[in-house]
>>> print(open('input_6.txt').read())   # compact mmCIF, C-alpha atoms
# COMPACT_ATOMS: atom_id res chain seq x y z
CA SER A 499 18.33 44.43 -66.54
CA GLN A 500 19.35 41.50 -64.37
CA LYS A 501 23.06 40.91 -64.00
CA ILE A 502 25.51 38.80 -62.04
CA GLU A 503 29.00 40.25 -62.06
CA GLN A 504 32.25 38.59 -61.14
CA ASN A 505 35.68 40.07 -61.69
CA SER A 506 36.79 38.95 -65.14
CA GLU A 507 40.45 39.58 -64.32
CA ALA A 508 42.31 36.65 -62.82
CA LEU A 509 43.24 36.87 -59.15
CA ASN A 510 46.89 36.01 -58.66
CA ILE A 511 48.03 35.41 -55.07
CA GLN A 512 50.87 33.82 -53.14
CA GLU A 513 50.41 30.44 -51.49
CA GLY A 514 49.31 30.76 -47.87
CA LYS A 515 47.44 34.04 -48.40
CA THR A 516 43.68 34.46 -48.30
CA ALA A 517 41.91 34.72 -51.65
CA THR A 518 38.77 36.84 -51.77
CA LEU A 519 36.43 36.70 -54.75
CA THR A 520 33.42 38.95 -55.27
CA CYS A 521 29.99 38.34 -56.76
CA ASN A 522 27.62 41.26 -57.27
CA TYR A 523 24.10 41.03 -58.60
CA THR A 524 21.43 43.49 -59.70
CA ASN A 525 17.67 43.17 -60.05
CA TYR A 526 17.51 39.76 -58.40
CA SER A 527 16.09 38.80 -55.03
CA PRO A 528 17.60 35.34 -54.63
CA ALA A 529 16.55 33.02 -51.84
CA TYR A 530 20.08 31.66 -51.88
CA LEU A 531 23.41 31.96 -53.63
CA GLN A 532 25.88 29.21 -54.49
CA TRP A 533 29.56 28.94 -55.29
CA TYR A 534 31.04 26.38 -57.67
CA ARG A 535 34.58 25.49 -58.65
CA GLN A 536 35.42 24.69 -62.28
CA ASP A 537 38.70 23.24 -63.52
CA PRO A 538 39.67 23.59 -67.21
CA GLY A 539 37.74 21.18 -69.42
CA ARG A 540 35.57 19.95 -66.54
CA GLY A 541 32.08 20.60 -65.24
CA PRO A 542 31.49 22.85 -62.22
CA VAL A 543 31.62 21.32 -58.75
CA PHE A 544 29.28 22.57 -56.01
CA LEU A 545 31.11 24.06 -53.02
CA LEU A 546 28.78 26.05 -50.78
CA LEU A 547 25.27 27.44 -50.55
CA ILE A 548 24.27 30.43 -48.43
CA ARG A 549 20.66 31.44 -47.83
CA GLU A 550 19.30 34.98 -47.72
CA ASN A 551 18.87 34.85 -43.94
CA GLU A 552 22.46 33.71 -43.38
CA LYS A 553 25.27 36.21 -43.21
CA GLU A 554 28.16 33.77 -43.26
CA LYS A 555 28.85 30.10 -44.03
CA ARG A 556 32.05 28.14 -43.52
CA LYS A 557 33.37 24.84 -44.81
CA GLU A 558 36.95 23.89 -43.96
CA ARG A 559 39.13 26.66 -45.51
CA LEU A 560 36.19 28.23 -47.35
CA LYS A 561 34.01 31.08 -46.11
CA VAL A 562 31.12 32.75 -47.89
CA THR A 563 29.29 35.91 -46.88
CA PHE A 564 26.01 37.20 -48.26
CA ASP A 565 24.89 40.81 -47.95
CA THR A 566 21.39 41.22 -49.42
CA THR A 567 21.52 44.99 -48.84
CA LEU A 568 24.70 45.41 -50.87
CA LYS A 569 23.58 42.59 -53.21
CA GLN A 570 26.96 41.01 -52.85
CA SER A 571 28.59 37.75 -51.86
CA LEU A 572 32.23 37.33 -50.94
CA PHE A 573 34.03 34.00 -51.25
CA HIS A 574 37.19 33.50 -49.20
CA ILE A 575 39.79 30.74 -49.32
CA THR A 576 42.16 30.91 -46.36
CA ALA A 577 45.67 29.43 -46.39
CA SER A 578 45.42 29.10 -50.17
CA GLN A 579 47.27 26.33 -51.99
CA PRO A 580 48.31 25.90 -55.64
CA ALA A 581 45.65 23.15 -55.84
CA ASP A 582 43.02 25.84 -55.25
CA SER A 583 43.83 27.33 -58.67
CA ALA A 584 40.63 27.14 -60.71
CA THR A 585 37.73 29.27 -61.89
CA TYR A 586 35.11 30.01 -59.25
CA LEU A 587 31.53 30.64 -60.31
CA CYS A 588 28.76 32.17 -58.28
CA ALA A 589 25.16 31.27 -59.07
CA LEU A 590 21.73 32.23 -57.81
CA LYS A 591 18.19 31.04 -58.29
CA ASP A 592 16.03 33.52 -60.11
CA SER A 593 12.29 33.98 -59.65
CA SER A 594 11.57 31.12 -62.07
CA TYR A 595 13.83 28.83 -60.01
CA LYS A 596 16.45 28.68 -62.74
CA LEU A 597 20.09 28.68 -61.64
CA ILE A 598 21.83 31.73 -63.15
CA PHE A 599 25.63 31.69 -63.23
CA GLY A 600 28.14 34.48 -63.24
CA SER A 601 31.00 34.32 -65.72
CA GLY A 602 33.47 33.27 -63.03
CA THR A 603 36.78 34.52 -61.70
CA ARG A 604 39.99 32.63 -62.33
CA LEU A 605 42.19 32.16 -59.26
CA LEU A 606 45.92 31.47 -59.60
CA VAL A 607 47.83 30.52 -56.46
CA ARG A 608 51.60 30.77 -56.85
CA PRO A 609 53.80 28.34 -54.89
CA GLU B 1478 31.33 8.03 -55.87
CA ALA B 1479 28.49 8.26 -58.40
CA GLU B 1480 29.03 10.66 -61.30
CA VAL B 1481 27.12 12.12 -64.20
CA ALA B 1482 28.34 10.52 -67.43
CA GLN B 1483 28.48 12.32 -70.76
CA SER B 1484 29.60 11.29 -74.20
CA PRO B 1485 31.34 12.06 -76.38
CA ARG B 1486 33.84 14.23 -74.54
CA TYR B 1487 34.83 16.00 -77.73
CA LYS B 1488 33.02 16.44 -81.02
CA ILE B 1489 34.11 18.22 -84.18
CA THR B 1490 31.47 18.66 -86.86
CA GLU B 1491 30.95 20.72 -89.95
CA LYS B 1492 28.23 23.34 -90.05
CA SER B 1493 24.87 22.10 -91.30
CA GLN B 1494 25.58 18.61 -89.95
CA ALA B 1495 23.60 16.96 -87.17
CA VAL B 1496 25.19 16.23 -83.80
CA ALA B 1497 23.96 14.48 -80.67
CA PHE B 1498 25.13 14.37 -77.08
CA TRP B 1499 24.27 11.82 -74.44
CA CYS B 1500 23.96 12.15 -70.67
CA ASP B 1501 23.41 9.57 -67.95
CA PRO B 1502 22.64 11.26 -64.61
CA ILE B 1503 23.41 9.93 -61.17
CA SER B 1504 21.14 6.99 -60.41
CA GLY B 1505 17.94 8.11 -58.74
CA HIS B 1506 18.25 11.76 -59.72
CA ALA B 1507 14.88 12.80 -61.09
CA THR B 1508 15.90 16.24 -62.34
CA LEU B 1509 18.23 16.61 -65.31
CA TYR B 1510 19.59 19.80 -66.86
CA TRP B 1511 21.40 20.62 -70.09
CA TYR B 1512 23.58 23.73 -70.06
CA ARG B 1513 25.67 25.46 -72.71
CA GLN B 1514 28.87 27.18 -71.66
CA ILE B 1515 30.68 29.48 -74.04
CA LEU B 1516 34.37 29.99 -73.29
CA GLY B 1517 34.83 32.67 -70.64
CA GLN B 1518 31.19 32.66 -69.59
CA GLY B 1519 29.11 30.80 -67.04
CA PRO B 1520 26.81 27.89 -67.93
CA GLU B 1521 23.43 28.88 -69.37
CA LEU B 1522 20.43 26.60 -68.94
CA LEU B 1523 19.02 25.14 -72.15
CA VAL B 1524 16.47 22.64 -70.83
CA GLN B 1525 15.35 21.09 -67.55
CA PHE B 1526 13.62 17.72 -67.16
CA GLN B 1527 11.70 16.37 -64.21
CA ASP B 1528 11.62 12.63 -64.87
CA GLU B 1529 10.62 12.44 -68.54
CA SER B 1530 8.81 15.78 -68.66
CA VAL B 1531 10.26 19.09 -69.81
CA VAL B 1532 10.00 21.67 -67.02
CA ASP B 1533 11.78 24.56 -68.72
CA ASP B 1534 13.01 24.87 -72.29
CA SER B 1535 12.53 28.61 -72.64
CA GLN B 1536 16.19 29.14 -73.63
CA LEU B 1537 16.39 26.19 -76.03
CA PRO B 1538 16.62 27.31 -79.71
CA LYS B 1539 13.85 24.99 -80.79
CA ASP B 1540 14.35 25.54 -84.50
CA ARG B 1541 17.54 23.52 -84.34
CA PHE B 1542 17.86 22.02 -80.85
CA SER B 1543 15.87 19.15 -79.39
CA ALA B 1544 16.16 17.23 -76.16
CA GLU B 1545 14.52 14.09 -74.87
CA ARG B 1546 14.52 11.92 -71.80
CA LEU B 1547 12.18 9.17 -72.88
CA LYS B 1548 12.31 6.85 -69.87
CA GLY B 1549 13.19 9.49 -67.32
CA VAL B 1550 16.75 8.26 -66.97
CA ASP B 1551 19.34 9.15 -69.62
CA SER B 1552 18.93 12.03 -72.02
CA THR B 1553 19.98 13.11 -75.50
CA LEU B 1554 20.49 16.64 -76.79
CA LYS B 1555 20.52 17.08 -80.55
CA ILE B 1556 21.48 19.96 -82.81
CA GLN B 1557 20.39 19.94 -86.44
CA PRO B 1558 21.78 21.72 -88.37
CA ALA B 1559 24.82 22.83 -86.39
CA GLU B 1560 26.00 26.40 -86.84
CA LEU B 1561 29.40 27.98 -86.15
CA GLY B 1562 27.94 29.79 -83.12
CA ASP B 1563 27.05 26.47 -81.48
CA SER B 1564 30.70 25.83 -80.64
CA ALA B 1565 30.72 25.56 -76.85
CA MET B 1566 30.86 23.14 -73.94
CA TYR B 1567 27.58 21.29 -73.39
CA LEU B 1568 27.14 20.30 -69.77
CA CYS B 1569 24.64 17.93 -68.22
CA ALA B 1570 23.73 18.14 -64.53
CA SER B 1571 21.37 16.31 -62.21
CA THR B 1572 19.89 16.75 -58.77
CA SER B 1573 18.13 14.52 -56.32
CA THR B 1574 14.62 15.32 -55.13
CA GLY B 1575 15.68 15.93 -51.55
CA ARG B 1576 18.66 18.18 -52.35
CA SER B 1577 17.51 20.02 -55.44
CA TYR B 1578 19.81 22.96 -54.79
CA GLU B 1579 23.01 20.93 -55.28
CA GLN B 1580 23.63 20.25 -58.95
CA TYR B 1581 26.08 17.55 -59.95
CA PHE B 1582 27.69 18.25 -63.32
CA GLY B 1583 29.14 15.86 -65.82
CA PRO B 1584 32.50 16.46 -67.56
CA GLY B 1585 30.81 18.05 -70.57
CA THR B 1586 31.05 17.65 -74.32
CA ARG B 1587 33.26 20.16 -76.11
CA LEU B 1588 31.68 20.88 -79.49
CA THR B 1589 33.60 22.56 -82.29
CA VAL B 1590 31.70 23.47 -85.44
CA THR B 1591 33.86 24.16 -88.49
>>> encode(input="input_6.txt", output="structure tokens")
Amino acid sequence: SQKIEQNSEALNIQEGKTATLTCNYTNYSPAYLQWYRQDPGRGPVFLLLIRENEKEKRKERLKVTFDTTLKQSLFHITASQPADSATYLCALKDSSYKLIFGSGTRLLVRP
Amino acid sequence: EAEVAQSPRYKITEKSQAVAFWCDPISGHATLYWYRQILGQGPELLVQFQDESVVDDSQLPKDRFSAERLKGVDSTLKIQPAELGDSAMYLCASTSTGRSYEQYFGPGTRLTVT
């Protein structure tokens, strides 16, 4: 069956450290993968998109990698801040062009 | 900055009652989506519109859910009758034709069915 898996346990890190979140998928061949941020009681906010032919994408303190062999994407936040605390969702387009979301990983950055 | 508007933000209803949610996408966005998000899970697509036409409603429980976008602008999602399992966040999103990969989400409507 098709699955997108994100770590359901919250990631708790100290301010200034790098946060790394993982997204694994099975039985998909996505053309691209996206990462969204979601704050409690709010809708997701688009952060980054990485295509299947790109290995890495950066935007300010954010970095995303995409390994189509491992079927995995890693999302990094460098020099993390308490304001980065949120749930981060990965999403990919399936063969019917629907956006399929993972269940998200909650990040807590301690001051 | 333009935003997707949704109302109400919160709705409490009793089971078997009817409930409706409204969404106004960003001006000029031709594609509109309704998602349902259960607590602790990611959003799940219910229905997608391109202008006023339904593109995908394969995951919409059509026995009780209906959605319309009559003039290709704002949209309404209705549930009748509501069931306890419908308690969730209902999110609306829109995209522009040129950047269809970037979905802009509204704040959502939190539905509680008692």
>>> interface_residues(input="input_6.txt", of="chain A", to="chain B", cutoff="9 Å", atoms="all atoms listed in the file", output="number ranges by chain")
A: 506, 532, 539-547, 587-589, 591, 596-602
>>> atom_distance(input="input_6.txt", atom1="atom CA of A:His574", atom2="atom CA of A:Arg559")
8.0 Å
>>> closest_residue(input="input_6.txt", among="B:Leu1588, B:Val1532, B:Leu1523, B:Ala1544", to="B:Ser1484", atoms="all atoms listed in the file")
B:Leu1588
>>> closest_residue(input="input_6.txt", among="B:Ser1571, B:Ser1504, B:Gln1557, B:Gln1483", to="B:Val1524", atoms="only C-alpha atoms")
B:Ser1571
>>> residues_near_point(input="input_6.txt", point="(31.1, 18.5, -91.3)", cutoff="12 Å", atoms="only C-alpha atoms", output="PDB file with C-alpha atoms, in the frame of the given file")
ATOM      1  CA  LYS B1488      33.020  16.440 -81.020  1.00  0.00           C
ATOM      2  CA  ILE B1489      34.110  18.220 -84.180  1.00  0.00           C
ATOM      3  CA  THR B1490      31.470  18.660 -86.860  1.00  0.00           C
ATOM      4  CA  GLU B1491      30.950  20.720 -89.950  1.00  0.00           C
ATOM      5  CA  LYS B1492      28.230  23.340 -90.050  1.00  0.00           C
ATOM      6  CA  SER B1493      24.870  22.100 -91.300  1.00  0.00           C
ATOM      7  CA  GLN B1494      25.580  18.610 -89.950  1.00  0.00           C
ATOM      8  CA  ALA B1495      23.600  16.960 -87.170  1.00  0.00           C
ATOM      9  CA  VAL B1496      25.190  16.230 -83.800  1.00  0.00           C
ATOM     10  CA  GLN B1557      20.390  19.940 -86.440  1.00  0.00           C
ATOM     11  CA  PRO B1558      21.780  21.720 -88.370  1.00  0.00           C
ATOM     12  CA  ALA B1559      24.820  22.830 -86.390  1.00  0.00           C
ATOM     13  CA  GLU B1560      26.000  26.400 -86.840  1.00  0.00           C
ATOM     14  CA  LEU B1561      29.400  27.980 -86.150  1.00  0.00           C
ATOM     15  CA  THR B1589      33.600  22.560 -82.290  1.00  0.00           C
ATOM     16  CA  VAL B1590      31.700  23.470 -85.440  1.00  0.00           C
ATOM     17  CA  THR B1591      33.860  24.160 -88.490  1.00  0.00           C
TER      18      THR B1591
END
>>> closest_residue(input="input_6.txt", among="A:Ala584, A:Leu531, A:Ile511, A:Leu605", to="A:Gln570", atoms="only C-alpha atoms")
A:Leu531
>>> axis_aligned_box(input="input_6.txt", around="stretch 513-518 of chain A", padding_each_side="5 Å", output="JSON")
{"center_x": 44.6, "center_y": 33.6, "center_z": -49.8, "size_x": 21.6, "size_y": 16.4, "size_z": 13.9}
>>> atom_distance(input="input_6.txt", atom1="atom CA of B:Gln1536", atom2="atom CA of A:Phe564")
28.4 Å
>>> decode(input="input_6.txt", residues="stretch 548-564 of chain A", atoms="all heavy atoms", output="PDB file, in the first residue's frame")
ATOM      1  N   ILE A 548      10.754  20.490  -3.753  1.00  0.00           N
ATOM      2  CA  ILE A 548      11.947  19.923  -4.373  1.00  0.00           C
ATOM      3  C   ILE A 548      11.506  18.904  -5.410  1.00  0.00           C
ATOM      4  O   ILE A 548      10.633  18.074  -5.149  1.00  0.00           O
ATOM      5  CB  ILE A 548      12.896  19.316  -3.309  1.00  0.00           C
ATOM      6  CG1 ILE A 548      14.206  18.852  -3.968  1.00  0.00           C
ATOM      7  CG2 ILE A 548      12.232  18.194  -2.527  1.00  0.00           C
ATOM      8  CD1 ILE A 548      15.319  18.589  -2.966  1.00  0.00           C
ATOM      9  N   ARG A 549      12.084  18.991  -6.596  1.00  0.00           N
ATOM     10  CA  ARG A 549      11.686  18.113  -7.698  1.00  0.00           C
ATOM     11  C   ARG A 549      12.532  16.846  -7.688  1.00  0.00           C
ATOM     12  O   ARG A 549      13.605  16.804  -7.094  1.00  0.00           O
ATOM     13  CB  ARG A 549      11.836  18.844  -9.033  1.00  0.00           C
ATOM     14  CG  ARG A 549      10.990  20.100  -9.102  1.00  0.00           C
ATOM     15  CD  ARG A 549      11.030  20.781 -10.450  1.00  0.00           C
ATOM     16  NE  ARG A 549      10.344  22.062 -10.408  1.00  0.00           N
ATOM     17  CZ  ARG A 549       9.032  22.225 -10.459  1.00  0.00           C
ATOM     18  NH1 ARG A 549       8.245  21.162 -10.573  1.00  0.00           N
ATOM     19  NH2 ARG A 549       8.496  23.427 -10.392  1.00  0.00           N
ATOM     20  N   GLU A 550      12.083  15.850  -8.429  1.00  0.00           N
ATOM     21  CA  GLU A 550      12.742  14.540  -8.397  1.00  0.00           C
ATOM     22  C   GLU A 550      14.161  14.591  -8.943  1.00  0.00           C
ATOM     23  O   GLU A 550      14.990  13.759  -8.585  1.00  0.00           O
ATOM     24  CB  GLU A 550      11.922  13.511  -9.178  1.00  0.00           C
ATOM     25  CG  GLU A 550      11.696  13.858 -10.631  1.00  0.00           C
ATOM     26  CD  GLU A 550      10.911  12.794 -11.362  1.00  0.00           C
ATOM     27  OE1 GLU A 550      10.848  11.654 -10.881  1.00  0.00           O
ATOM     28  OE2 GLU A 550      10.356  13.115 -12.430  1.00  0.00           O
ATOM     29  N   ASN A 551      14.451  15.575  -9.795  1.00  0.00           N
ATOM     30  CA  ASN A 551      15.796  15.668 -10.365  1.00  0.00           C
ATOM     31  C   ASN A 551      16.698  16.609  -9.565  1.00  0.00           C
ATOM     32  O   ASN A 551      17.826  16.884  -9.972  1.00  0.00           O
ATOM     33  CB  ASN A 551      15.727  16.119 -11.822  1.00  0.00           C
ATOM     34  CG  ASN A 551      15.078  17.485 -11.968  1.00  0.00           C
ATOM     35  OD1 ASN A 551      14.469  17.990 -11.027  1.00  0.00           O
ATOM     36  ND2 ASN A 551      15.210  18.078 -13.138  1.00  0.00           N
ATOM     37  N   GLU A 552      16.204  17.085  -8.431  1.00  0.00           N
ATOM     38  CA  GLU A 552      17.002  17.948  -7.554  1.00  0.00           C
ATOM     39  C   GLU A 552      17.386  17.164  -6.312  1.00  0.00           C
ATOM     40  O   GLU A 552      16.556  16.479  -5.721  1.00  0.00           O
ATOM     41  CB  GLU A 552      16.198  19.185  -7.148  1.00  0.00           C
ATOM     42  CG  GLU A 552      15.808  20.069  -8.329  1.00  0.00           C
ATOM     43  CD  GLU A 552      14.893  21.209  -7.899  1.00  0.00           C
ATOM     44  OE1 GLU A 552      13.945  20.949  -7.126  1.00  0.00           O
ATOM     45  OE2 GLU A 552      15.127  22.350  -8.349  1.00  0.00           O
ATOM     46  N   LYS A 553      18.609  17.288  -5.903  1.00  0.00           N
ATOM     47  CA  LYS A 553      19.043  16.577  -4.705  1.00  0.00           C
ATOM     48  C   LYS A 553      18.882  17.433  -3.458  1.00  0.00           C
ATOM     49  O   LYS A 553      18.693  16.917  -2.352  1.00  0.00           O
ATOM     50  CB  LYS A 553      20.494  16.144  -4.859  1.00  0.00           C
ATOM     51  CG  LYS A 553      20.668  14.996  -5.817  1.00  0.00           C
ATOM     52  CD  LYS A 553      21.989  14.294  -5.610  1.00  0.00           C
ATOM     53  CE  LYS A 553      22.153  12.979  -6.329  1.00  0.00           C
ATOM     54  NZ  LYS A 553      21.104  12.509  -7.155  1.00  0.00           N
ATOM     55  N   GLU A 554      18.982  18.747  -3.634  1.00  0.00           N
ATOM     56  CA  GLU A 554      18.972  19.639  -2.483  1.00  0.00           C
ATOM     57  C   GLU A 554      18.362  20.988  -2.866  1.00  0.00           C
ATOM     58  O   GLU A 554      18.543  21.458  -3.998  1.00  0.00           O
ATOM     59  CB  GLU A 554      20.410  19.829  -2.006  1.00  0.00           C
ATOM     60  CG  GLU A 554      20.584  20.688  -0.774  1.00  0.00           C
ATOM     61  CD  GLU A 554      22.045  20.789  -0.376  1.00  0.00           C
ATOM     62  OE1 GLU A 554      22.650  19.753  -0.060  1.00  0.00           O
ATOM     63  OE2 GLU A 554      22.577  21.921  -0.387  1.00  0.00           O
ATOM     64  N   LYS A 555      17.658  21.596  -1.919  1.00  0.00           N
ATOM     65  CA  LYS A 555      17.085  22.934  -2.137  1.00  0.00           C
ATOM     66  C   LYS A 555      17.254  23.706  -0.844  1.00  0.00           C
ATOM     67  O   LYS A 555      17.058  23.163   0.248  1.00  0.00           O
ATOM     68  CB  LYS A 555      15.590  22.786  -2.458  1.00  0.00           C
ATOM     69  CG  LYS A 555      14.955  23.980  -3.153  1.00  0.00           C
ATOM     70  CD  LYS A 555      15.280  23.949  -4.597  1.00  0.00           C
ATOM     71  CE  LYS A 555      14.411  24.760  -5.496  1.00  0.00           C
ATOM     72  NZ  LYS A 555      13.073  24.216  -5.663  1.00  0.00           N
ATOM     73  N   ARG A 556      17.598  24.993  -0.978  1.00  0.00           N
ATOM     74  CA  ARG A 556      17.786  25.819   0.217  1.00  0.00           C
ATOM     75  C   ARG A 556      16.946  27.083   0.124  1.00  0.00           C
ATOM     76  O   ARG A 556      16.707  27.621  -0.960  1.00  0.00           O
ATOM     77  CB  ARG A 556      19.255  26.222   0.355  1.00  0.00           C
ATOM     78  CG  ARG A 556      20.201  25.100   0.687  1.00  0.00           C
ATOM     79  CD  ARG A 556      21.651  25.594   0.694  1.00  0.00           C
ATOM     80  NE  ARG A 556      22.583  24.493   0.886  1.00  0.00           N
ATOM     81  CZ  ARG A 556      23.125  24.174   2.066  1.00  0.00           C
ATOM     82  NH1 ARG A 556      22.853  24.879   3.137  1.00  0.00           N
ATOM     83  NH2 ARG A 556      23.960  23.149   2.164  1.00  0.00           N
ATOM     84  N   LYS A 557      16.519  27.539   1.308  1.00  0.00           N
ATOM     85  CA  LYS A 557      15.807  28.815   1.402  1.00  0.00           C
ATOM     86  C   LYS A 557      16.090  29.371   2.783  1.00  0.00           C
ATOM     87  O   LYS A 557      15.597  28.841   3.788  1.00  0.00           O
ATOM     88  CB  LYS A 557      14.308  28.622   1.208  1.00  0.00           C
ATOM     89  CG  LYS A 557      13.486  29.892   1.319  1.00  0.00           C
ATOM     90  CD  LYS A 557      12.003  29.585   1.172  1.00  0.00           C
ATOM     91  CE  LYS A 557      11.166  30.820   1.391  1.00  0.00           C
ATOM     92  NZ  LYS A 557       9.722  30.513   1.320  1.00  0.00           N
ATOM     93  N   GLU A 558      16.930  30.373   2.834  1.00  0.00           N
ATOM     94  CA  GLU A 558      17.318  31.000   4.114  1.00  0.00           C
ATOM     95  C   GLU A 558      17.873  29.913   5.041  1.00  0.00           C
ATOM     96  O   GLU A 558      18.863  29.264   4.713  1.00  0.00           O
ATOM     97  CB  GLU A 558      16.139  31.756   4.705  1.00  0.00           C
ATOM     98  CG  GLU A 558      15.681  32.895   3.790  1.00  0.00           C
ATOM     99  CD  GLU A 558      14.399  33.559   4.255  1.00  0.00           C
ATOM    100  OE1 GLU A 558      13.750  33.064   5.196  1.00  0.00           O
ATOM    101  OE2 GLU A 558      14.032  34.575   3.646  1.00  0.00           O
ATOM    102  N   ARG A 559      17.266  29.685   6.198  1.00  0.00           N
ATOM    103  CA  ARG A 559      17.794  28.684   7.142  1.00  0.00           C
ATOM    104  C   ARG A 559      17.257  27.279   6.870  1.00  0.00           C
ATOM    105  O   ARG A 559      17.543  26.344   7.622  1.00  0.00           O
ATOM    106  CB  ARG A 559      17.432  29.110   8.566  1.00  0.00           C
ATOM    107  CG  ARG A 559      18.116  30.404   9.027  1.00  0.00           C
ATOM    108  CD  ARG A 559      17.811  30.703  10.500  1.00  0.00           C
ATOM    109  NE  ARG A 559      16.393  30.974  10.718  1.00  0.00           N
ATOM    110  CZ  ARG A 559      15.586  30.167  11.403  1.00  0.00           C
ATOM    111  NH1 ARG A 559      16.027  29.037  11.921  1.00  0.00           N
ATOM    112  NH2 ARG A 559      14.314  30.504  11.571  1.00  0.00           N
ATOM    113  N   LEU A 560      16.490  27.111   5.830  1.00  0.00           N
ATOM    114  CA  LEU A 560      15.874  25.825   5.518  1.00  0.00           C
ATOM    115  C   LEU A 560      16.651  25.107   4.413  1.00  0.00           C
ATOM    116  O   LEU A 560      17.126  25.736   3.475  1.00  0.00           O
ATOM    117  CB  LEU A 560      14.420  26.020   5.061  1.00  0.00           C
ATOM    118  CG  LEU A 560      13.510  26.841   5.945  1.00  0.00           C
ATOM    119  CD1 LEU A 560      12.107  26.905   5.342  1.00  0.00           C
ATOM    120  CD2 LEU A 560      13.465  26.281   7.352  1.00  0.00           C
ATOM    121  N   LYS A 561      16.754  23.784   4.563  1.00  0.00           N
ATOM    122  CA  LYS A 561      17.359  22.967   3.514  1.00  0.00           C
ATOM    123  C   LYS A 561      16.569  21.672   3.393  1.00  0.00           C
ATOM    124  O   LYS A 561      16.210  21.060   4.403  1.00  0.00           O
ATOM    125  CB  LYS A 561      18.820  22.641   3.836  1.00  0.00           C
ATOM    126  CG  LYS A 561      19.511  21.867   2.713  1.00  0.00           C
ATOM    127  CD  LYS A 561      20.978  21.587   3.029  1.00  0.00           C
ATOM    128  CE  LYS A 561      21.146  20.321   3.849  1.00  0.00           C
ATOM    129  NZ  LYS A 561      22.571  19.914   3.973  1.00  0.00           N
ATOM    130  N   VAL A 562      16.273  21.290   2.176  1.00  0.00           N
ATOM    131  CA  VAL A 562      15.554  20.047   1.919  1.00  0.00           C
ATOM    132  C   VAL A 562      16.390  19.187   0.983  1.00  0.00           C
ATOM    133  O   VAL A 562      16.962  19.685   0.023  1.00  0.00           O
ATOM    134  CB  VAL A 562      14.176  20.323   1.273  1.00  0.00           C
ATOM    135  CG1 VAL A 562      13.523  19.013   0.856  1.00  0.00           C
ATOM    136  CG2 VAL A 562      13.278  21.064   2.225  1.00  0.00           C
ATOM    137  N   THR A 563      16.447  17.899   1.281  1.00  0.00           N
ATOM    138  CA  THR A 563      17.076  16.949   0.366  1.00  0.00           C
ATOM    139  C   THR A 563      16.039  15.928  -0.066  1.00  0.00           C
ATOM    140  O   THR A 563      15.029  15.707   0.618  1.00  0.00           O
ATOM    141  CB  THR A 563      18.262  16.231   1.022  1.00  0.00           C
ATOM    142  OG1 THR A 563      17.782  15.476   2.138  1.00  0.00           O
ATOM    143  CG2 THR A 563      19.312  17.222   1.486  1.00  0.00           C
ATOM    144  N   PHE A 564      16.302  15.307  -1.211  1.00  0.00           N
ATOM    145  CA  PHE A 564      15.338  14.378  -1.801  1.00  0.00           C
ATOM    146  C   PHE A 564      16.125  13.232  -2.410  1.00  0.00           C
ATOM    147  O   PHE A 564      16.899  13.439  -3.349  1.00  0.00           O
ATOM    148  CB  PHE A 564      14.523  15.109  -2.870  1.00  0.00           C
ATOM    149  CG  PHE A 564      13.302  14.380  -3.379  1.00  0.00           C
ATOM    150  CD1 PHE A 564      12.804  13.239  -2.768  1.00  0.00           C
ATOM    151  CD2 PHE A 564      12.627  14.866  -4.493  1.00  0.00           C
ATOM    152  CE1 PHE A 564      11.677  12.597  -3.242  1.00  0.00           C
ATOM    153  CE2 PHE A 564      11.480  14.228  -4.974  1.00  0.00           C
ATOM    154  CZ  PHE A 564      11.007  13.097  -4.350  1.00  0.00           C
TER     155      PHE A 564
END
